[in-house]
file final19.pdb (PDB, C-alpha atoms, pLDDT in the B column)
ATOM      1  CA  MET N  12      18.481 -42.716  26.832  1.00 61.00           C
ATOM      2  CA  ALA N  13      18.492 -40.016  29.486  1.00 74.00           C
ATOM      3  CA  GLU N  14      15.431 -37.938  30.164  1.00 87.00           C
ATOM      4  CA  LYS N  15      15.674 -34.312  28.989  1.00 87.00           C
ATOM      5  CA  PRO N  16      15.595 -31.565  31.602  1.00 91.00           C
ATOM      6  CA  LEU N  17      12.271 -29.847  32.332  1.00 92.00           C
ATOM      7  CA  TRP N  18      13.323 -26.464  30.892  1.00 94.00           C
ATOM      8  CA  TYR N  19      14.261 -28.154  27.607  1.00 93.00           C
ATOM      9  CA  ARG N  20      10.845 -29.740  27.248  1.00 93.00           C
ATOM     10  CA  TRP N  21       9.093 -26.438  27.979  1.00 95.00           C
ATOM     11  CA  ALA N  22      11.336 -24.634  25.490  1.00 96.00           C
ATOM     12  CA  ARG N  23      10.303 -27.138  22.827  1.00 95.00           C
ATOM     13  CA  VAL N  24       6.618 -26.592  23.689  1.00 96.00           C
ATOM     14  CA  TYR N  25       6.955 -22.791  23.434  1.00 97.00           C
ATOM     15  CA  PHE N  26       8.965 -23.054  20.212  1.00 98.00           C
ATOM     16  CA  ALA N  27       6.378 -25.374  18.604  1.00 97.00           C
ATOM     17  CA  GLY N  28       3.518 -23.127  19.757  1.00 97.00           C
ATOM     18  CA  GLY N  29       5.271 -20.028  18.423  1.00 97.00           C
ATOM     19  CA  CYS N  30       5.842 -21.754  15.084  1.00 98.00           C
ATOM     20  CA  LEU N  31       2.166 -22.703  14.825  1.00 98.00           C
ATOM     21  CA  VAL N  32       1.008 -19.184  15.693  1.00 98.00           C
ATOM     22  CA  GLY N  33       3.547 -17.640  13.311  1.00 98.00           C
ATOM     23  CA  LEU N  34       2.485 -19.977  10.516  1.00 98.00           C
ATOM     24  CA  GLY N  35      -1.148 -19.038  11.140  1.00 97.00           C
ATOM     25  CA  VAL N  36      -0.359 -15.316  10.957  1.00 97.00           C
ATOM     26  CA  VAL N  37       1.686 -15.717   7.768  1.00 97.00           C
ATOM     27  CA  LEU N  38      -1.043 -17.794   6.110  1.00 96.00           C
ATOM     28  CA  TYR N  39      -3.694 -15.272   7.192  1.00 95.00           C
ATOM     29  CA  LYS N  40      -1.748 -12.372   5.703  1.00 93.00           C
ATOM     30  CA  THR N  41      -0.956 -14.127   2.417  1.00 93.00           C
ATOM     31  CA  ILE N  42      -4.041 -16.230   1.645  1.00 94.00           C
ATOM     32  CA  ARG N  43      -6.912 -13.993   2.797  1.00 93.00           C
ATOM     33  CA  PRO N  44      -8.128 -11.782  -0.086  1.00 91.00           C
ATOM     34  CA  THR N  45      -8.619  -8.056   0.409  1.00 89.00           C
ATOM     35  CA  ASP N  46     -12.082  -6.553   0.094  1.00 87.00           C
ATOM     36  CA  GLU N  47     -11.307  -5.223  -3.389  1.00 88.00           C
ATOM     37  CA  GLU N  48     -10.093  -8.631  -4.590  1.00 90.00           C
ATOM     38  CA  LEU N  49     -13.188 -10.312  -3.197  1.00 90.00           C
ATOM     39  CA  ILE N  50     -15.530  -7.793  -4.844  1.00 88.00           C
ATOM     40  CA  SER N  51     -13.701  -8.119  -8.168  1.00 89.00           C
ATOM     41  CA  ARG N  52     -14.436 -11.866  -8.130  1.00 90.00           C
ATOM     42  CA  PHE N  53     -18.204 -11.266  -7.925  1.00 90.00           C
ATOM     43  CA  SER N  54     -20.348 -11.690 -11.000  1.00 92.00           C
ATOM     44  CA  PRO N  55     -21.236  -8.385 -12.714  1.00 91.00           C
ATOM     45  CA  GLU N  56     -24.848  -8.504 -11.460  1.00 93.00           C
ATOM     46  CA  ILE N  57     -23.848  -9.082  -7.845  1.00 92.00           C
ATOM     47  CA  ARG N  58     -21.093  -6.452  -8.060  1.00 91.00           C
ATOM     48  CA  ALA N  59     -23.584  -3.888  -9.433  1.00 89.00           C
ATOM     49  CA  GLU N  60     -26.056  -4.673  -6.638  1.00 89.00           C
ATOM     50  CA  TYR N  61     -23.252  -4.431  -4.070  1.00 89.00           C
ATOM     51  CA  GLU N  62     -22.217  -0.997  -5.348  1.00 87.00           C
ATOM     52  CA  ARG N  63     -25.827   0.185  -5.546  1.00 84.00           C
ATOM     53  CA  ASN N  64     -26.568  -0.773  -1.928  1.00 85.00           C
ATOM     54  CA  LYS N  65     -23.227   0.304  -0.474  1.00 88.00           C
ATOM     55  CA  GLU N  66     -24.508   3.686   0.736  1.00 86.00           C
ATOM     56  CA  LEU N  67     -27.622   2.046   2.182  1.00 85.00           C
ATOM     57  CA  ARG N  68     -25.500  -0.329   4.261  1.00 86.00           C
ATOM     58  CA  GLN N  69     -23.369   2.592   5.470  1.00 89.00           C
ATOM     59  CA  LYS N  70     -26.538   4.489   6.461  1.00 86.00           C
ATOM     60  CA  GLU N  71     -27.839   1.400   8.306  1.00 85.00           C
ATOM     61  CA  GLN N  72     -24.516   1.063  10.146  1.00 88.00           C
ATOM     62  CA  GLN N  73     -24.664   4.738  11.120  1.00 89.00           C
ATOM     63  CA  ARG N  74     -28.253   4.334  12.373  1.00 85.00           C
ATOM     64  CA  LEU N  75     -27.264   1.244  14.353  1.00 84.00           C
ATOM     65  CA  MET N  76     -24.452   3.165  16.055  1.00 88.00           C
ATOM     66  CA  GLU N  77     -26.936   5.912  16.997  1.00 87.00           C
ATOM     67  CA  ILE N  78     -29.226   3.277  18.526  1.00 82.00           C
ATOM     68  CA  VAL N  79     -26.322   1.719  20.434  1.00 83.00           C
ATOM     69  CA  LYS N  80     -25.317   5.102  21.878  1.00 87.00           C
ATOM     70  CA  LYS N  81     -28.908   5.851  22.883  1.00 83.00           C
ATOM     71  CA  THR N  82     -29.325   2.417  24.445  1.00 81.00           C
ATOM     72  CA  SER N  83     -26.055   2.608  26.364  1.00 82.00           C
ATOM     73  CA  ALA N  84     -27.018   6.003  27.799  1.00 83.00           C
ATOM     74  CA  SER N  85     -30.303   4.653  29.175  1.00 80.00           C
ATOM     75  CA  THR N  86     -30.720   2.945  32.541  1.00 82.00           C
ATOM     76  CA  ASP N  87     -33.542   0.680  31.330  1.00 78.00           C
ATOM     77  CA  PRO N  88     -32.871  -2.931  30.341  1.00 73.00           C
ATOM     78  CA  ILE N  89     -31.690  -3.332  26.777  1.00 69.00           C
ATOM     79  CA  TRP N  90     -34.819  -5.202  25.670  1.00 68.00           C
ATOM     80  CA  LYS N  91     -36.977  -2.213  26.685  1.00 68.00           C
ATOM     81  CA  THR N  92     -34.752   0.555  25.343  1.00 65.00           C
ATOM     82  CA  GLY N  93     -33.876  -0.279  21.778  1.00 65.00           C
ATOM     83  CA  PRO N  94     -36.153   0.488  18.826  1.00 65.00           C
ATOM     84  CA  ILE N  95     -35.159  -2.749  17.089  1.00 66.00           C
ATOM     85  CA  GLY N  96     -37.544  -5.647  17.405  1.00 61.00           C
ATOM     86  CA  SER N  97     -36.420  -9.111  18.375  1.00 60.00           C
ATOM     87  CA  PRO N  98     -37.119 -11.906  15.897  1.00 59.00           C
ATOM     88  CA  LEU N  99     -37.893 -14.181  18.856  1.00 63.00           C
ATOM     89  CA  GLU N 100     -40.683 -12.037  20.339  1.00 62.00           C
ATOM     90  CA  LYS N 101     -44.244 -12.308  19.104  1.00 63.00           C
ATOM     91  CA  ASP N 102     -45.242  -8.907  20.440  1.00 62.00           C
ATOM     92  CA  GLN N 103     -42.839  -6.481  18.770  1.00 59.00           C
ATOM     93  CA  ARG N 104     -44.129  -3.299  20.473  1.00 56.00           C
ATOM     94  CA  ASN N 105     -44.609  -1.871  16.944  1.00 52.00           C
ATOM     95  CA  LEU N 106     -40.891  -2.114  16.276  1.00 55.00           C
ATOM     96  CA  SER N 107     -39.432  -2.610  12.846  1.00 59.00           C
ATOM     97  CA  MET N 108     -36.561  -4.905  11.983  1.00 56.00           C
ATOM     98  CA  GLN N 109     -35.323  -2.424   9.360  1.00 63.00           C
ATOM     99  CA  LEU N 110     -33.026   0.337  10.504  1.00 64.00           C
ATOM    100  CA  VAL N 111     -33.413   2.425   7.340  1.00 68.00           C
ATOM    101  CA  ASP N 112     -36.382   2.559   4.967  1.00 73.00           C
ATOM    102  CA  GLN N 113     -34.911   1.449   1.636  1.00 74.00           C
ATOM    103  CA  GLU N 114     -37.534   3.130  -0.558  1.00 79.00           C
ATOM    104  CA  LEU N 115     -37.197   6.441   1.249  1.00 80.00           C
ATOM    105  CA  PHE N 116     -33.410   6.212   1.142  1.00 78.00           C
ATOM    106  CA  HIS N 117     -33.332   5.605  -2.614  1.00 78.00           C
ATOM    107  CA  LYS N 118     -35.958   8.301  -3.201  1.00 84.00           C
ATOM    108  CA  THR N 119     -34.008  10.936  -1.270  1.00 85.00           C
ATOM    109  CA  LYS N 120     -30.807   9.856  -3.006  1.00 85.00           C
ATOM    110  CA  GLU N 121     -32.424  10.383  -6.417  1.00 87.00           C
ATOM    111  CA  GLU N 122     -33.839  13.738  -5.311  1.00 91.00           C
ATOM    112  CA  GLU N 123     -30.391  14.862  -4.188  1.00 90.00           C
ATOM    113  CA  LYS N 124     -28.948  13.769  -7.528  1.00 90.00           C
ATOM    114  CA  GLN N 125     -31.626  15.745  -9.392  1.00 93.00           C
ATOM    115  CA  LYS N 126     -31.016  18.825  -7.240  1.00 93.00           C
ATOM    116  CA  ALA N 127     -27.293  18.600  -7.945  1.00 93.00           C
ATOM    117  CA  GLU N 128     -27.964  18.384 -11.694  1.00 94.00           C
ATOM    118  CA  ILE N 129     -30.307  21.367 -11.529  1.00 94.00           C
ATOM    119  CA  ASN N 130     -27.761  23.410  -9.569  1.00 94.00           C
ATOM    120  CA  LYS N 131     -25.088  22.479 -12.080  1.00 95.00           C
ATOM    121  CA  SER N 132     -27.251  23.563 -15.021  1.00 94.00           C
ATOM    122  CA  VAL N 133     -28.095  26.852 -13.269  1.00 94.00           C
ATOM    123  CA  GLU N 134     -24.414  27.532 -12.688  1.00 95.00           C
ATOM    124  CA  GLU N 135     -23.661  26.720 -16.326  1.00 94.00           C
ATOM    125  CA  SER N 136     -26.402  29.083 -17.547  1.00 93.00           C
ATOM    126  CA  LYS N 137     -25.034  31.855 -15.303  1.00 93.00           C
ATOM    127  CA  GLU N 138     -21.592  31.242 -16.758  1.00 94.00           C
ATOM    128  CA  VAL N 139     -22.973  31.424 -20.316  1.00 91.00           C
ATOM    129  CA  GLU N 140     -24.759  34.688 -19.534  1.00 91.00           C
ATOM    130  CA  ARG N 141     -21.574  36.142 -18.065  1.00 91.00           C
ATOM    131  CA  LEU N 142     -19.574  35.120 -21.123  1.00 89.00           C
ATOM    132  CA  LEU N 143     -22.205  36.625 -23.428  1.00 87.00           C
ATOM    133  CA  ARG N 144     -22.091  39.912 -21.521  1.00 86.00           C
ATOM    134  CA  GLU N 145     -18.293  39.970 -21.710  1.00 84.00           C
ATOM    135  CA  ASN N 146     -18.413  39.164 -25.427  1.00 79.00           C
ATOM    136  CA  LYS N 147     -20.967  41.939 -25.999  1.00 77.00           C
ATOM    137  CA  ASN N 148     -18.794  44.432 -24.100  1.00 72.00           C
ATOM    138  CA  GLN N 149     -15.746  43.471 -26.155  1.00 70.00           C
ATOM    139  CA  LYS N 150     -17.621  43.836 -29.443  1.00 61.00           C
ATOM    140  CA  SER N 151     -18.883  47.305 -28.545  1.00 58.00           C
ATOM    141  CA  TRP N 152     -15.348  48.370 -27.688  1.00 55.00           C
ATOM    142  CA  TRP N 153     -14.091  47.155 -31.079  1.00 56.00           C
ATOM    143  CA  LYS N 154     -16.904  48.964 -32.875  1.00 56.00           C
ATOM    144  CA  PHE N 155     -15.666  52.189 -31.392  1.00 55.00           C
ATOM    145  CA  TRP N 156     -12.352  51.830 -33.225  1.00 53.00           C
TER     146      TRP N 156
END
call {"tool": "encode", "arguments": {"input": "final19.pdb", "output": "structure tokens"}}
result
Amino acid sequence: MAEKPLWYRWARVYFAGGCLVGLGVVLYKTIRPTDEELISRFSPEIRAEYERNKELRQKEQQRLMEIVKKTSASTDPIWKTGPIGSPLEKDQRNLSMQLVDQELFHKTKEEEKQKAEINKSVEESKEVERLLRENKNQKSWWKFW
């Protein structure tokens, strides 16, 4: 049996590699669940906790991005600049590992919800007063006839 030419062997290598990569991409696209599918598979308790803490995680991510921008703008070494403590250091320089205070976050969220409810009730009462005034004006007009 004659030995195959060099280009033929390399073509087979590239073809096999392309097939493996293509198979990996196809499997990744078809097998991997979306975020919504993954969340829907959670138990009701875990799903409720996930939804409850979703805004907190977004706030933490936003705070982390602010810290990264501040740290990248500084000329000091990263271990001196950031306000996040390292879990490996004993002396934390009074730094907290939490980016956002959870109690304060939930408290302000509840306060905002209460303020929105109060504003809504004030708007509704103004609307009722306006309707009563209009109704009173219409009745007086009819009395004239």
call {"tool": "axis_aligned_box", "arguments": {"input": "final19.pdb", "around": "region 126-145 of chain N", "padding_each_side": "3 Å", "output": "JSON"}}
result
{"center_x": -24.7, "center_y": 29.2, "center_z": -15.3, "size_x": 18.7, "size_y": 27.6, "size_z": 22.2}
call {"tool": "atom_distance", "arguments": {"input": "final19.pdb", "atom1": "CA of Tyr61 (chain N)", "atom2": "CA of Gln125 (chain N)"}}
result
22.5 Å
call {"tool": "residues_around", "arguments": {"input": "final19.pdb", "residues": "region 115-118 of chain N", "least_positions_apart": "3", "cutoff": "10 Å", "atoms": "only C-alpha atoms", "output": "VMD selection string"}}
result
chain N and resid 63 to 64 66 to 67 70 111 to 112 121 to 124
call {"tool": "atom_distance", "arguments": {"input": "final19.pdb", "atom1": "CA of Leu17 (chain N)", "atom2": "CA of Leu34 (chain N)"}}
result
25.9 Å
